[in-house]
Amino acid sequence: MTQEWEPLLQNGGAGNATAPALLPSLARSVLKFLMWAVFLSWTAGIFLYPTKPAQAAFSEWAALTKQSIFGVTGTVFLVFSAPILIVAALAYVYICAFPRDHVEKKKLRSLGFRLWTFPLLVDGPFGVVSAVEFIGIVLFIVYVVFSMAYYVVESVSLVSKSDLPPTISSEKILGKIGARFGSVGLFCMIFLFLPVSRGSVLLRLIDIPFEHATRYHVWLGHLTMSLFTLHGLCYLIKWFLEGRLLKQIIQWKEIGVAHLAGVISLVAGLLMWATSLHLVRKRFFELFFYTHQLYVVFIVFLVLHVGDFVFSIAAGAIFLFMLDRFLRFWQSRAKVDIVSADCRPCGTVELVFSKPASLRYSALSFIFVQVRELSFLQWHPFSVSSSPMDGRYHMSILIKVLGTWTDKLKSIITDVEENKTRSDTDQSHTGRITASIEGPYGHESPYHLMYENLILVAGGIGISPFLAILSDIIHRIEQGMPCAPKNVLVLWSVKKSTELSLLSAVDAQSISSSVSEKLHLDIQAFVTQESEPPLEDGILECDQKIPSIFVKNGAAMSGLVGTGDNFWAAMYFAASTLGSVLAYALVQVYYVKRFNVNAWWQLGLLLLLCMAAGVALPGGLVVLLWHLSEKWRVQDDRWDTDASTVKDGAEGEQTMNGAAGADTALATSVAARRTTRYGCRPKFQAEFMAFAERAGGAAADVGVLVCGPPGLQASVARECRSQNLCRGGGKSSVVFHFNSHSFDL
């Protein structure tokens, strides 16, 4: 890697130069220490909460703060929800003070990075699991088993001390165990909402993209709903044995838990859980999607069920989710201009969206797309197929037609194109596609730029993010920007040879001789369902697209979420948090205390409303100012662009023509680097070993990224693990794209 990426202390600078350099390093270390200290203390408190010493300490503290403005609710919130908000606040300070513009190569050698990226488990119900993910799974299992075992022993011991008939004793034990299942489920629900916040600062801090965190949400969803289901079953059995099942189900207490609200919340959760199972989600995605909107019902009636002080256990995580959801709602209202929309002959749809020059994203990013002519609620994620180096004002995606939504989108585009052809109009044409965008999301760090030797494994449309990576690498080498890759191998499996034409979507189609000297690119394509090249193979190379359509919707993409402005995001978080606290304090003083409100469900609803008010009012004001600031920045950028174009247009054209003339004769196309094999699949062991030998043998630093179906991911992960074990645990990393895993030898 380049020298500017190394610490100043290693450059042999003078004493007066090292002293200032120590200050940022010290500040970074202090912030990291504080975040880790708060997080570990918080998780330790959750883990030890079932024990008697922890219960006694908590009860003593609650008694001391009972007479404060916030009462017991404030105490519970301070212990279980405030720590995660403190970590989020420190994270905003960290990412604002120390933006991550590059990846230090020394990070590859760190133990933490190697644990994150080593595929420990390949086959099993969890899919491909890294070492850190395996540790997390084990810790959650240990927590649930320890907590429930402790609670069961305590409940049985407590009931056995009282002289009660066996039937009544068993009913009481069943009720206590049911309550403990609900308590443990509520603690697990804290972590359930953290990974589902797409633009969360916590995910950005530890560089976990949303598509990777979604797996954690799925795992935690199964665990949480299992515990809540057992919670409900224990009470249903208890009430049935007591002979008052219906009476208890419809009961709505003022002081205590509201049973009917709990039943409604549990039913909503069970519907979401049942439709999120893999087989249901795969066959009936729309059913899964629409049913999952019941999370609003699930949360609201959970609050009505348990009241304010119990809900405050998970209030911090839900508040972070509300912050993200409100910001995404604001961003998604804008209708984005479509620079071009066309259908390629291979059946793939390409959309190119307008974006402001200030919007940052990486070649590993993805966006959520909504087309209002198809659905007002459905948002579908797609990997970005363009590099940030391709252009300042556009971003493109490739969409393979696989289901109802994508088929309807293709029909809209082809209908417009056919009408345009029949009417023989101009090249540009306004279609009826009203698109909105959420994102971009993805890795904060450009992991694809830190390996000297890179293997990209793709299956079908999985080549889409790798087109962005290839373009990014080529452009960076051309412009002399930091870029580690020197050897790149692409292993691409497709069913039909028509899909090979997607290589023409790479913006950097021509590889100059100067780039060829620094980059060895080898593209190995495998056509699995054809035994020999078709007669029209030469024609397919061109992939001449049908003339595209242009859609003017009125705006470019917004940068309010994803990789948006860190300063405004921090202000939004601060204003919403302080606004919620202030609103709850005012409600306590001028309503709860004044009118002696004691009903648990009313107090819980007031807490939830205060959280929503803090996000919508002071938070909404900050978002409005952020939006206006973004619009002014876009206007200024347009003026600057126009001025520079008028001033330097002729000179720039002359310079580019001169440079092109000197290098075009020796340039080659990306497609020319492709070798196609028919009727076979890649043999990863042979390909990986051959590439590693060419790259420098066992000492080579090789990165492997894979994007494709689960079977492909598992095969690549299995081979990466095998290669690492053969090398004695060499470098390994995992970087996830949407529906993909990435490894490194």
# chains A, B, ... in the order shown; residues from 1 in each chain; ligands from 1

call {"tool": "residues_around", "arguments": {"residues": "stretch 476-484 of chain A", "least_positions_apart": "6", "cutoff": "9 Å", "atoms": "only C-alpha atoms", "output": "JSON, numbers by chain"}}
result
{"A": [1, 2, 102, 389, 448, 449, 450, 451, 452, 453, 512, 514, 515, 518, 519]}

call {"tool": "write_last_selection", "arguments": {"atoms": "all heavy atoms", "output": "short mmCIF file (atom, residue, chain, number, x, y, z; two decimals), in the first residue's frame"}}
result
data_model
loop_
_atom_site.label_atom_id
_atom_site.label_comp_id
_atom_site.auth_asym_id
_atom_site.auth_seq_id
_atom_site.Cartn_x
_atom_site.Cartn_y
_atom_site.Cartn_z
N MET A 1 0.85 -1.19 0.00
CA MET A 1 0.00 0.00 0.00
C MET A 1 0.88 1.25 0.00
O MET A 1 2.05 1.21 0.31
CB MET A 1 -0.93 0.00 1.22
CG MET A 1 -1.75 -1.30 1.38
SD MET A 1 -2.86 -1.62 0.03
CE MET A 1 -4.21 -0.57 0.52
N THR A 2 0.28 2.37 -0.32
CA THR A 2 1.06 3.60 -0.40
C THR A 2 1.48 4.07 0.96
O THR A 2 0.85 3.79 1.97
CB THR A 2 0.22 4.69 -1.08
OG1 THR A 2 -1.00 4.81 -0.36
CG2 THR A 2 -0.08 4.33 -2.53
N HIS A 102 -10.05 5.16 3.48
CA HIS A 102 -9.26 4.08 2.91
C HIS A 102 -9.17 2.94 3.92
O HIS A 102 -9.59 3.05 5.05
CB HIS A 102 -7.86 4.59 2.55
CG HIS A 102 -7.12 5.16 3.74
ND1 HIS A 102 -7.10 6.50 4.00
CD2 HIS A 102 -6.41 4.57 4.72
CE1 HIS A 102 -6.38 6.72 5.10
NE2 HIS A 102 -5.96 5.56 5.55
N MET A 389 -16.26 6.22 -9.96
CA MET A 389 -15.36 6.87 -10.90
C MET A 389 -15.96 7.00 -12.30
O MET A 389 -15.41 7.67 -13.16
CB MET A 389 -14.05 6.08 -11.00
CG MET A 389 -13.40 5.74 -9.68
SD MET A 389 -12.78 7.17 -8.83
CE MET A 389 -11.46 7.66 -9.92
N HIS A 448 -12.34 -4.06 -1.69
CA HIS A 448 -11.84 -4.59 -2.96
C HIS A 448 -10.56 -3.91 -3.42
O HIS A 448 -9.92 -4.37 -4.36
CB HIS A 448 -12.91 -4.44 -4.04
CG HIS A 448 -13.26 -3.01 -4.35
ND1 HIS A 448 -13.96 -2.22 -3.47
CD2 HIS A 448 -12.98 -2.23 -5.41
CE1 HIS A 448 -14.12 -1.02 -3.99
NE2 HIS A 448 -13.55 -1.00 -5.16
N LEU A 449 -10.18 -2.82 -2.76
CA LEU A 449 -8.99 -2.07 -3.17
C LEU A 449 -7.77 -2.40 -2.32
O LEU A 449 -6.70 -1.83 -2.55
CB LEU A 449 -9.26 -0.56 -3.09
CG LEU A 449 -10.37 -0.03 -4.00
CD1 LEU A 449 -10.58 1.46 -3.76
CD2 LEU A 449 -10.04 -0.29 -5.47
N MET A 450 -7.88 -3.28 -1.34
CA MET A 450 -6.76 -3.48 -0.42
C MET A 450 -6.01 -4.78 -0.65
O MET A 450 -5.05 -5.07 0.04
CB MET A 450 -7.23 -3.38 1.03
CG MET A 450 -8.11 -4.51 1.49
SD MET A 450 -8.64 -4.21 3.19
CE MET A 450 -9.48 -5.75 3.56
N TYR A 451 -6.45 -5.60 -1.62
CA TYR A 451 -5.74 -6.84 -1.92
C TYR A 451 -4.98 -6.70 -3.24
O TYR A 451 -5.55 -6.26 -4.24
CB TYR A 451 -6.72 -8.01 -2.04
CG TYR A 451 -7.53 -8.25 -0.80
CD1 TYR A 451 -8.87 -7.86 -0.72
CD2 TYR A 451 -6.96 -8.88 0.29
CE1 TYR A 451 -9.60 -8.09 0.42
CE2 TYR A 451 -7.69 -9.12 1.44
CZ TYR A 451 -9.01 -8.72 1.50
OH TYR A 451 -9.74 -8.94 2.63
N GLU A 452 -3.73 -7.11 -3.25
CA GLU A 452 -2.96 -7.08 -4.49
C GLU A 452 -3.46 -8.14 -5.47
O GLU A 452 -3.34 -7.97 -6.68
CB GLU A 452 -1.48 -7.29 -4.19
CG GLU A 452 -0.84 -6.15 -3.43
CD GLU A 452 0.64 -6.34 -3.24
OE1 GLU A 452 1.16 -7.38 -3.69
OE2 GLU A 452 1.28 -5.46 -2.65
N ASN A 453 -4.00 -9.22 -4.95
CA ASN A 453 -4.50 -10.31 -5.78
C ASN A 453 -5.95 -10.57 -5.42
O ASN A 453 -6.28 -10.85 -4.26
CB ASN A 453 -3.66 -11.58 -5.55
CG ASN A 453 -2.18 -11.32 -5.72
OD1 ASN A 453 -1.71 -11.13 -6.83
ND2 ASN A 453 -1.45 -11.29 -4.61
N SER A 512 -6.17 0.62 -21.42
CA SER A 512 -5.00 1.17 -22.11
C SER A 512 -3.76 0.36 -21.78
O SER A 512 -3.74 -0.44 -20.84
CB SER A 512 -4.81 2.63 -21.71
OG SER A 512 -4.53 2.73 -20.33
N SER A 514 -1.03 1.45 -20.53
CA SER A 514 -0.49 1.84 -19.23
C SER A 514 -1.18 1.10 -18.09
O SER A 514 -0.56 0.73 -17.10
CB SER A 514 -0.63 3.35 -19.02
OG SER A 514 -2.00 3.74 -19.10
N VAL A 515 -2.49 0.84 -18.26
CA VAL A 515 -3.22 0.07 -17.25
C VAL A 515 -2.83 -1.40 -17.33
O VAL A 515 -2.67 -2.08 -16.29
CB VAL A 515 -4.74 0.24 -17.44
CG1 VAL A 515 -5.51 -0.68 -16.48
CG2 VAL A 515 -5.15 1.69 -17.22
N LYS A 518 0.09 -2.45 -15.28
CA LYS A 518 -0.07 -2.48 -13.82
C LYS A 518 -1.14 -3.47 -13.36
O LYS A 518 -1.20 -3.80 -12.18
CB LYS A 518 -0.43 -1.08 -13.31
CG LYS A 518 0.61 -0.02 -13.64
CD LYS A 518 0.15 1.35 -13.18
CE LYS A 518 1.17 2.43 -13.53
NZ LYS A 518 0.72 3.77 -13.13
N LEU A 519 -1.99 -3.91 -14.27
CA LEU A 519 -3.10 -4.78 -13.90
C LEU A 519 -3.19 -5.96 -14.85
O LEU A 519 -3.30 -5.79 -16.07
CB LEU A 519 -4.43 -4.00 -13.93
CG LEU A 519 -5.70 -4.82 -13.68
CD1 LEU A 519 -5.73 -5.34 -12.26
CD2 LEU A 519 -6.94 -3.97 -13.97
#

call {"tool": "residues_around", "arguments": {"residues": "stretch 576-588 of chain A", "least_positions_apart": "6", "cutoff": "6 Å", "atoms": "only C-alpha atoms", "output": "ChimeraX atom specification"}}
result
/A:610-611,614-615,618-619

call {"tool": "atom_distance", "arguments": {"atom1": "atom CA of A:Met322", "atom2": "atom CA of A:Lys66"}}
result
27.9 Å

call {"tool": "atom_distance", "arguments": {"atom1": "atom CA of A:Leu31", "atom2": "atom CA of A:Cys96"}}
result
12.0 Å

call {"tool": "closest_residue", "arguments": {"among": "A:Glu154, A:Glu517, A:Asp472, A:Glu350", "to": "A:Leu502", "atoms": "only C-alpha atoms"}}
result
A:Glu350

call {"tool": "residues_around", "arguments": {"residues": "A:Val267", "least_positions_apart": "4", "cutoff": "12 Å", "atoms": "only C-alpha atoms", "output": "short mmCIF file (atom, residue, chain, number, x, y, z; two decimals) with N, CA and C atoms, in the first residue's frame"}}
result
data_model
loop_
_atom_site.label_atom_id
_atom_site.label_comp_id
_atom_site.auth_asym_id
_atom_site.auth_seq_id
_atom_site.Cartn_x
_atom_site.Cartn_y
_atom_site.Cartn_z
N MET A 225 -39.03 -14.70 18.54
CA MET A 225 -40.40 -15.18 18.41
C MET A 225 -40.58 -16.56 19.06
N PHE A 228 -41.13 -15.61 22.72
CA PHE A 228 -42.44 -14.99 22.92
C PHE A 228 -43.56 -16.02 22.75
N THR A 229 -43.37 -16.96 21.82
CA THR A 229 -44.38 -18.01 21.63
C THR A 229 -44.47 -18.90 22.87
N GLY A 232 -46.32 -17.04 25.56
CA GLY A 232 -47.77 -17.09 25.41
C GLY A 232 -48.35 -18.46 25.70
N LEU A 260 -55.15 -8.80 26.52
CA LEU A 260 -55.66 -8.74 25.14
C LEU A 260 -54.65 -8.06 24.21
N ALA A 261 -54.02 -7.01 24.70
CA ALA A 261 -53.00 -6.34 23.90
C ALA A 261 -51.83 -7.28 23.61
N GLY A 262 -51.47 -8.09 24.60
CA GLY A 262 -50.39 -9.05 24.39
C GLY A 262 -50.76 -10.11 23.36
N VAL A 263 -52.01 -10.56 23.39
CA VAL A 263 -52.47 -11.55 22.41
C VAL A 263 -52.40 -10.98 21.00
N LEU A 271 -47.68 -14.01 12.64
CA LEU A 271 -47.92 -13.85 11.20
C LEU A 271 -46.64 -13.43 10.47
N MET A 272 -45.92 -12.48 11.05
CA MET A 272 -44.65 -12.07 10.45
C MET A 272 -43.66 -13.21 10.43
N TRP A 273 -43.62 -13.97 11.51
CA TRP A 273 -42.66 -15.07 11.63
C TRP A 273 -42.97 -16.18 10.62
N ALA A 274 -44.25 -16.55 10.51
CA ALA A 274 -44.63 -17.64 9.61
C ALA A 274 -44.36 -17.29 8.15
N THR A 291 -47.03 -8.65 4.92
CA THR A 291 -47.26 -9.10 6.29
C THR A 291 -46.25 -8.50 7.25
N LEU A 294 -46.74 -5.49 9.58
CA LEU A 294 -47.42 -5.63 10.87
C LEU A 294 -46.50 -5.34 12.04
N TYR A 295 -45.22 -5.01 11.75
CA TYR A 295 -44.32 -4.68 12.86
C TYR A 295 -44.84 -3.48 13.65
N VAL A 297 -48.06 -2.86 14.32
CA VAL A 297 -49.04 -3.44 15.25
C VAL A 297 -48.33 -4.19 16.38
N PHE A 298 -47.29 -4.93 16.01
CA PHE A 298 -46.53 -5.71 16.99
C PHE A 298 -45.95 -4.80 18.08
N ILE A 299 -45.32 -3.69 17.69
CA ILE A 299 -44.68 -2.79 18.66
C ILE A 299 -45.71 -2.05 19.50
N PHE A 301 -48.89 -2.70 20.25
CA PHE A 301 -49.63 -3.51 21.22
C PHE A 301 -48.70 -4.16 22.24
N LEU A 302 -47.44 -4.32 21.91
CA LEU A 302 -46.47 -4.75 22.92
C LEU A 302 -46.34 -3.70 24.01
#

call {"tool": "closest_residue", "arguments": {"among": "A:Tyr143, A:Cys346, A:Leu402, A:Ser629", "to": "A:Ser497", "atoms": "only C-alpha atoms"}}
result
A:Cys346

call {"tool": "select_by_dssp", "arguments": {"residues": "stretch 220-458 of chain A", "states": "helix (DSSP H, G or I)", "output": "JSON, numbers by chain"}}
result
{"A": [220, 221, 222, 223, 224, 225, 226, 227, 228, 229, 230, 231, 232, 233, 234, 235, 236, 237, 238, 239, 240, 241, 242, 245, 246, 247, 248, 249, 259, 260, 261, 262, 263, 264, 265, 266, 267, 268, 269, 270, 271, 272, 273, 274, 275, 278, 279, 280, 281, 282, 283, 285, 286, 287, 288, 289, 290, 291, 292, 293, 294, 295, 296, 297, 298, 299, 300, 301, 302, 303, 304, 305, 306, 308, 309, 310, 311, 315, 316, 317, 318, 319, 320, 321, 322, 323, 324, 325, 326, 327, 328, 329, 330, 331, 332, 404, 405, 406, 407, 408, 409, 410, 411, 412, 413, 414, 415, 416, 417, 418, 419, 420, 421, 422, 423, 447, 448, 449]}

call {"tool": "write_last_selection", "arguments": {"atoms": "C-alpha atoms", "output": "short mmCIF file (atom, residue, chain, number, x, y, z; two decimals), in the first residue's frame"}}
result
data_model
loop_
_atom_site.label_atom_id
_atom_site.label_comp_id
_atom_site.auth_asym_id
_atom_site.auth_seq_id
_atom_site.Cartn_x
_atom_site.Cartn_y
_atom_site.Cartn_z
CA LEU A 220 -32.64 -13.05 16.15
CA GLY A 221 -36.19 -13.00 14.82
CA HIS A 222 -36.41 -16.78 15.07
CA LEU A 223 -34.98 -16.70 18.59
CA THR A 224 -37.15 -13.82 19.83
CA MET A 225 -40.40 -15.18 18.41
CA SER A 226 -39.64 -18.65 19.81
CA LEU A 227 -39.29 -17.13 23.29
CA PHE A 228 -42.44 -14.99 22.92
CA THR A 229 -44.38 -18.01 21.63
CA LEU A 230 -43.31 -20.08 24.65
CA HIS A 231 -44.25 -17.10 26.83
CA GLY A 232 -47.77 -17.09 25.41
CA LEU A 233 -48.18 -20.87 25.49
CA CYS A 234 -47.23 -21.08 29.16
CA TYR A 235 -49.95 -18.59 30.09
CA LEU A 236 -52.54 -20.17 27.79
CA ILE A 237 -51.93 -23.58 29.39
CA LYS A 238 -52.02 -22.05 32.88
CA TRP A 239 -55.32 -20.28 32.21
CA PHE A 240 -56.79 -23.40 30.63
CA LEU A 241 -55.89 -25.47 33.70
CA GLU A 242 -57.46 -22.79 35.90
CA LEU A 245 -58.97 -19.13 29.47
CA LEU A 246 -61.35 -16.81 27.61
CA LYS A 247 -61.74 -14.45 30.56
CA GLN A 248 -57.98 -14.01 30.88
CA ILE A 249 -57.41 -13.57 27.12
CA HIS A 259 -53.60 -9.55 28.26
CA LEU A 260 -55.66 -8.74 25.14
CA ALA A 261 -53.00 -6.34 23.90
CA GLY A 262 -50.39 -9.05 24.39
CA VAL A 263 -52.47 -11.55 22.41
CA ILE A 264 -52.82 -9.08 19.52
CA SER A 265 -49.09 -8.36 19.55
CA LEU A 266 -48.24 -12.07 19.62
CA VAL A 267 -50.61 -12.85 16.73
CA ALA A 268 -49.03 -10.08 14.64
CA GLY A 269 -45.58 -11.43 15.48
CA LEU A 270 -46.57 -14.99 14.58
CA LEU A 271 -47.92 -13.85 11.20
CA MET A 272 -44.65 -12.07 10.45
CA TRP A 273 -42.66 -15.07 11.63
CA ALA A 274 -44.63 -17.64 9.61
CA THR A 275 -44.46 -15.67 6.35
CA HIS A 278 -37.51 -19.34 3.73
CA LEU A 279 -39.93 -21.47 1.69
CA VAL A 280 -42.81 -19.01 2.14
CA ARG A 281 -40.66 -15.96 1.47
CA LYS A 282 -39.17 -17.51 -1.67
CA ARG A 283 -42.50 -18.54 -3.21
CA PHE A 285 -42.47 -12.72 -1.51
CA GLU A 286 -45.31 -10.19 -1.70
CA LEU A 287 -47.16 -12.00 1.10
CA PHE A 288 -44.00 -11.88 3.22
CA PHE A 289 -43.41 -8.21 2.41
CA TYR A 290 -46.92 -6.96 3.17
CA THR A 291 -47.26 -9.10 6.29
CA HIS A 292 -44.01 -7.71 7.65
CA GLN A 293 -45.62 -4.27 7.81
CA LEU A 294 -47.42 -5.63 10.87
CA TYR A 295 -44.32 -4.68 12.86
CA VAL A 296 -46.18 -1.45 13.70
CA VAL A 297 -49.04 -3.44 15.25
CA PHE A 298 -46.53 -5.71 16.99
CA ILE A 299 -44.68 -2.79 18.66
CA VAL A 300 -47.72 -0.68 19.57
CA PHE A 301 -49.63 -3.51 21.22
CA LEU A 302 -46.47 -4.75 22.92
CA VAL A 303 -46.22 -1.33 24.55
CA LEU A 304 -49.89 -1.48 25.56
CA HIS A 305 -49.31 -4.98 26.93
CA VAL A 306 -46.30 -4.37 29.20
CA ASP A 308 -43.83 2.02 30.14
CA PHE A 309 -41.13 0.72 32.50
CA VAL A 310 -40.97 -2.78 30.97
CA PHE A 311 -40.99 -1.42 27.42
CA ALA A 315 -36.94 1.43 23.92
CA GLY A 316 -33.39 2.49 22.98
CA ALA A 317 -33.04 0.01 20.12
CA ILE A 318 -36.55 0.75 18.85
CA PHE A 319 -35.77 4.48 19.01
CA LEU A 320 -32.74 3.97 16.73
CA PHE A 321 -35.00 2.05 14.34
CA MET A 322 -37.53 4.90 14.39
CA LEU A 323 -34.78 7.39 13.57
CA ASP A 324 -33.71 5.34 10.57
CA ARG A 325 -37.26 4.69 9.40
CA PHE A 326 -38.25 8.36 9.51
CA LEU A 327 -35.14 9.37 7.58
CA ARG A 328 -35.78 6.69 4.95
CA PHE A 329 -39.40 7.82 4.68
CA TRP A 330 -38.26 11.39 3.98
CA GLN A 331 -35.71 10.30 1.38
CA SER A 332 -38.07 7.91 -0.39
CA THR A 404 -43.66 -10.64 -11.18
CA TRP A 405 -42.25 -7.26 -10.17
CA THR A 406 -39.25 -7.38 -12.51
CA ASP A 407 -41.37 -8.77 -15.36
CA LYS A 408 -43.82 -5.88 -15.08
CA LEU A 409 -40.93 -3.40 -15.02
CA LYS A 410 -39.54 -4.90 -18.22
CA SER A 411 -42.98 -4.72 -19.83
CA ILE A 412 -43.28 -1.01 -19.04
CA ILE A 413 -39.92 -0.28 -20.65
CA THR A 414 -40.48 -2.43 -23.72
CA ASP A 415 -43.96 -0.95 -24.27
CA VAL A 416 -42.54 2.57 -24.25
CA GLU A 417 -39.70 1.53 -26.56
CA GLU A 418 -42.12 -0.08 -29.03
CA ASN A 419 -44.35 2.99 -29.04
CA LYS A 420 -41.30 5.16 -29.62
CA THR A 421 -40.18 2.98 -32.53
CA ARG A 422 -43.62 3.06 -34.16
CA SER A 423 -43.99 6.83 -33.76
CA TYR A 447 -12.25 -3.77 0.72
CA HIS A 448 -11.84 -4.59 -2.96
CA LEU A 449 -8.99 -2.07 -3.17
#

call {"tool": "residues_around", "arguments": {"residues": "stretch 190-205 of chain A", "least_positions_apart": "2", "cutoff": "6 Å", "atoms": "only C-alpha atoms", "output": "MDAnalysis selection string"}}
result
chainID A and resid 187:188 207:208 210 213 217 220 314 317 321 324 561:562

call {"tool": "write_last_selection", "arguments": {"atoms": "N, CA, C and O atoms", "output": "tab-separated table (two decimals), in the first residue's frame"}}
result
chain	number	residue	atom	x	y	z
A	187	PHE	N	-35.32	-8.92	26.10
A	187	PHE	CA	-33.90	-8.57	26.01
A	187	PHE	C	-33.33	-8.94	24.63
A	187	PHE	O	-32.50	-8.21	24.08
A	188	CYS	N	-33.77	-10.07	24.09
A	188	CYS	CA	-33.32	-10.44	22.74
A	188	CYS	C	-33.87	-9.47	21.70
A	188	CYS	O	-33.24	-9.23	20.66
A	207	ASP	N	-18.62	-1.45	10.32
A	207	ASP	CA	-18.53	-1.74	8.90
A	207	ASP	C	-19.25	-3.04	8.53
A	207	ASP	O	-18.72	-3.89	7.83
A	208	ILE	N	-20.49	-3.17	9.02
A	208	ILE	CA	-21.34	-4.28	8.63
A	208	ILE	C	-22.45	-3.71	7.74
A	208	ILE	O	-23.30	-2.97	8.22
A	210	PHE	N	-25.89	-3.48	5.45
A	210	PHE	CA	-27.24	-3.90	5.83
A	210	PHE	C	-27.56	-5.30	5.34
A	210	PHE	O	-28.20	-6.09	6.04
A	213	ALA	N	-26.18	-7.61	7.80
A	213	ALA	CA	-26.89	-7.52	9.09
A	213	ALA	C	-28.28	-8.13	9.01
A	213	ALA	O	-28.83	-8.55	10.04
A	217	HIS	N	-30.69	-10.25	11.76
A	217	HIS	CA	-32.09	-9.95	12.07
A	217	HIS	C	-32.94	-11.22	11.93
A	217	HIS	O	-33.83	-11.47	12.76
A	220	LEU	N	-32.07	-13.58	14.90
A	220	LEU	CA	-32.64	-13.05	16.15
A	220	LEU	C	-34.16	-13.08	16.12
A	220	LEU	O	-34.81	-13.22	17.17
A	314	ALA	N	-36.35	-2.18	25.94
A	314	ALA	CA	-36.02	-2.23	24.51
A	314	ALA	C	-36.24	-0.91	23.81
A	314	ALA	O	-36.07	-0.82	22.58
A	317	ALA	N	-33.22	0.62	21.43
A	317	ALA	CA	-33.04	0.01	20.12
A	317	ALA	C	-34.18	0.37	19.18
A	317	ALA	O	-33.96	0.65	17.99
A	321	PHE	N	-34.27	2.50	15.52
A	321	PHE	CA	-35.00	2.05	14.34
A	321	PHE	C	-35.95	3.14	13.85
A	321	PHE	O	-36.09	3.36	12.63
A	324	ASP	N	-34.05	5.79	11.92
A	324	ASP	CA	-33.71	5.34	10.57
A	324	ASP	C	-34.93	5.29	9.68
A	324	ASP	O	-34.88	5.71	8.51
A	561	VAL	N	-29.80	9.33	3.68
A	561	VAL	CA	-29.46	8.10	4.40
A	561	VAL	C	-28.30	7.43	3.70
A	561	VAL	O	-27.75	7.93	2.74
A	562	GLY	N	-27.95	6.23	4.19
A	562	GLY	CA	-26.83	5.52	3.59
A	562	GLY	C	-25.53	6.19	3.94
A	562	GLY	O	-25.16	6.34	5.11

call {"tool": "atom_distance", "arguments": {"atom1": "atom CA of A:Val159", "atom2": "atom CA of A:Phe80"}}
result
28.9 Å

call {"tool": "residues_around", "arguments": {"residues": "A:Ile469", "least_positions_apart": "2", "cutoff": "8 Å", "atoms": "only C-alpha atoms", "output": "list in words"}}
result
Ala363, Leu364, Ser387, His448, Pro465, Phe466, Leu467, Ser471, Asp472 and Ile473 of chain A

call {"tool": "write_last_selection", "arguments": {"atoms": "C-alpha atoms", "output": "CSV table (one decimal), in the first residue's frame"}}
result
chain,number,residue,atom,x,y,z
A,363,ALA,CA,-18.4,-0.1,-5.8
A,364,LEU,CA,-19.7,-2.4,-3.1
A,387,SER,CA,-18.3,2.7,-10.1
A,448,HIS,CA,-11.8,-4.6,-3.0
A,465,PRO,CA,-21.3,-5.6,-8.4
A,466,PHE,CA,-18.1,-6.9,-9.9
A,467,LEU,CA,-18.7,-4.8,-13.0
A,471,SER,CA,-14.5,-0.3,-13.5
A,472,ASP,CA,-13.4,1.2,-10.2
A,473,ILE,CA,-10.0,-0.5,-10.4

call {"tool": "select_by_dssp", "arguments": {"residues": "stretch 71-259 of chain A", "states": "strand (DSSP E or B)", "output": "list in words"}}
result
Pro119, Leu120, Leu121, Val129, Ser130, Trp252 and Ala258 of chain A

call {"tool": "write_last_selection", "arguments": {"atoms": "C-alpha atoms", "output": "CSV table (one decimal), in the first residue's frame"}}
result
chain,number,residue,atom,x,y,z
A,119,PRO,CA,-15.6,-19.0,7.2
A,120,LEU,CA,-15.8,-21.3,10.2
A,121,LEU,CA,-19.1,-23.0,9.3
A,129,VAL,CA,-20.8,-18.4,9.2
A,130,SER,CA,-17.6,-16.6,10.1
A,252,TRP,CA,-57.3,-5.5,29.9
A,258,ALA,CA,-53.1,-6.0,29.4

call {"tool": "decode", "arguments": {"residues": "stretch 193-197 of chain A", "atoms": "N, CA, C and O atoms", "output": "PDB file, in the first residue's frame"}}
result
ATOM      1  N   PHE A 193     -33.795  -5.255  16.658  1.00  0.00           N
ATOM      2  CA  PHE A 193     -34.027  -4.028  15.895  1.00  0.00           C
ATOM      3  C   PHE A 193     -32.738  -3.313  15.509  1.00  0.00           C
ATOM      4  O   PHE A 193     -32.770  -2.444  14.638  1.00  0.00           O
ATOM      5  N   LEU A 194     -31.637  -3.649  16.134  1.00  0.00           N
ATOM      6  CA  LEU A 194     -30.383  -2.961  15.804  1.00  0.00           C
ATOM      7  C   LEU A 194     -29.911  -3.246  14.378  1.00  0.00           C
ATOM      8  O   LEU A 194     -29.567  -2.312  13.644  1.00  0.00           O
ATOM      9  N   PRO A 195     -29.876  -4.503  13.914  1.00  0.00           N
ATOM     10  CA  PRO A 195     -29.374  -4.736  12.559  1.00  0.00           C
ATOM     11  C   PRO A 195     -30.335  -4.351  11.450  1.00  0.00           C
ATOM     12  O   PRO A 195     -29.922  -4.235  10.294  1.00  0.00           O
ATOM     13  N   VAL A 196     -31.624  -4.152  11.763  1.00  0.00           N
ATOM     14  CA  VAL A 196     -32.587  -3.875  10.711  1.00  0.00           C
ATOM     15  C   VAL A 196     -32.637  -2.381  10.363  1.00  0.00           C
ATOM     16  O   VAL A 196     -33.331  -1.984   9.428  1.00  0.00           O
ATOM     17  N   SER A 197     -31.904  -1.550  11.078  1.00  0.00           N
ATOM     18  CA  SER A 197     -31.806  -0.122  10.749  1.00  0.00           C
ATOM     19  C   SER A 197     -30.761   0.039   9.649  1.00  0.00           C
ATOM     20  O   SER A 197     -29.563  -0.053   9.901  1.00  0.00           O
TER      21      SER A 197
END
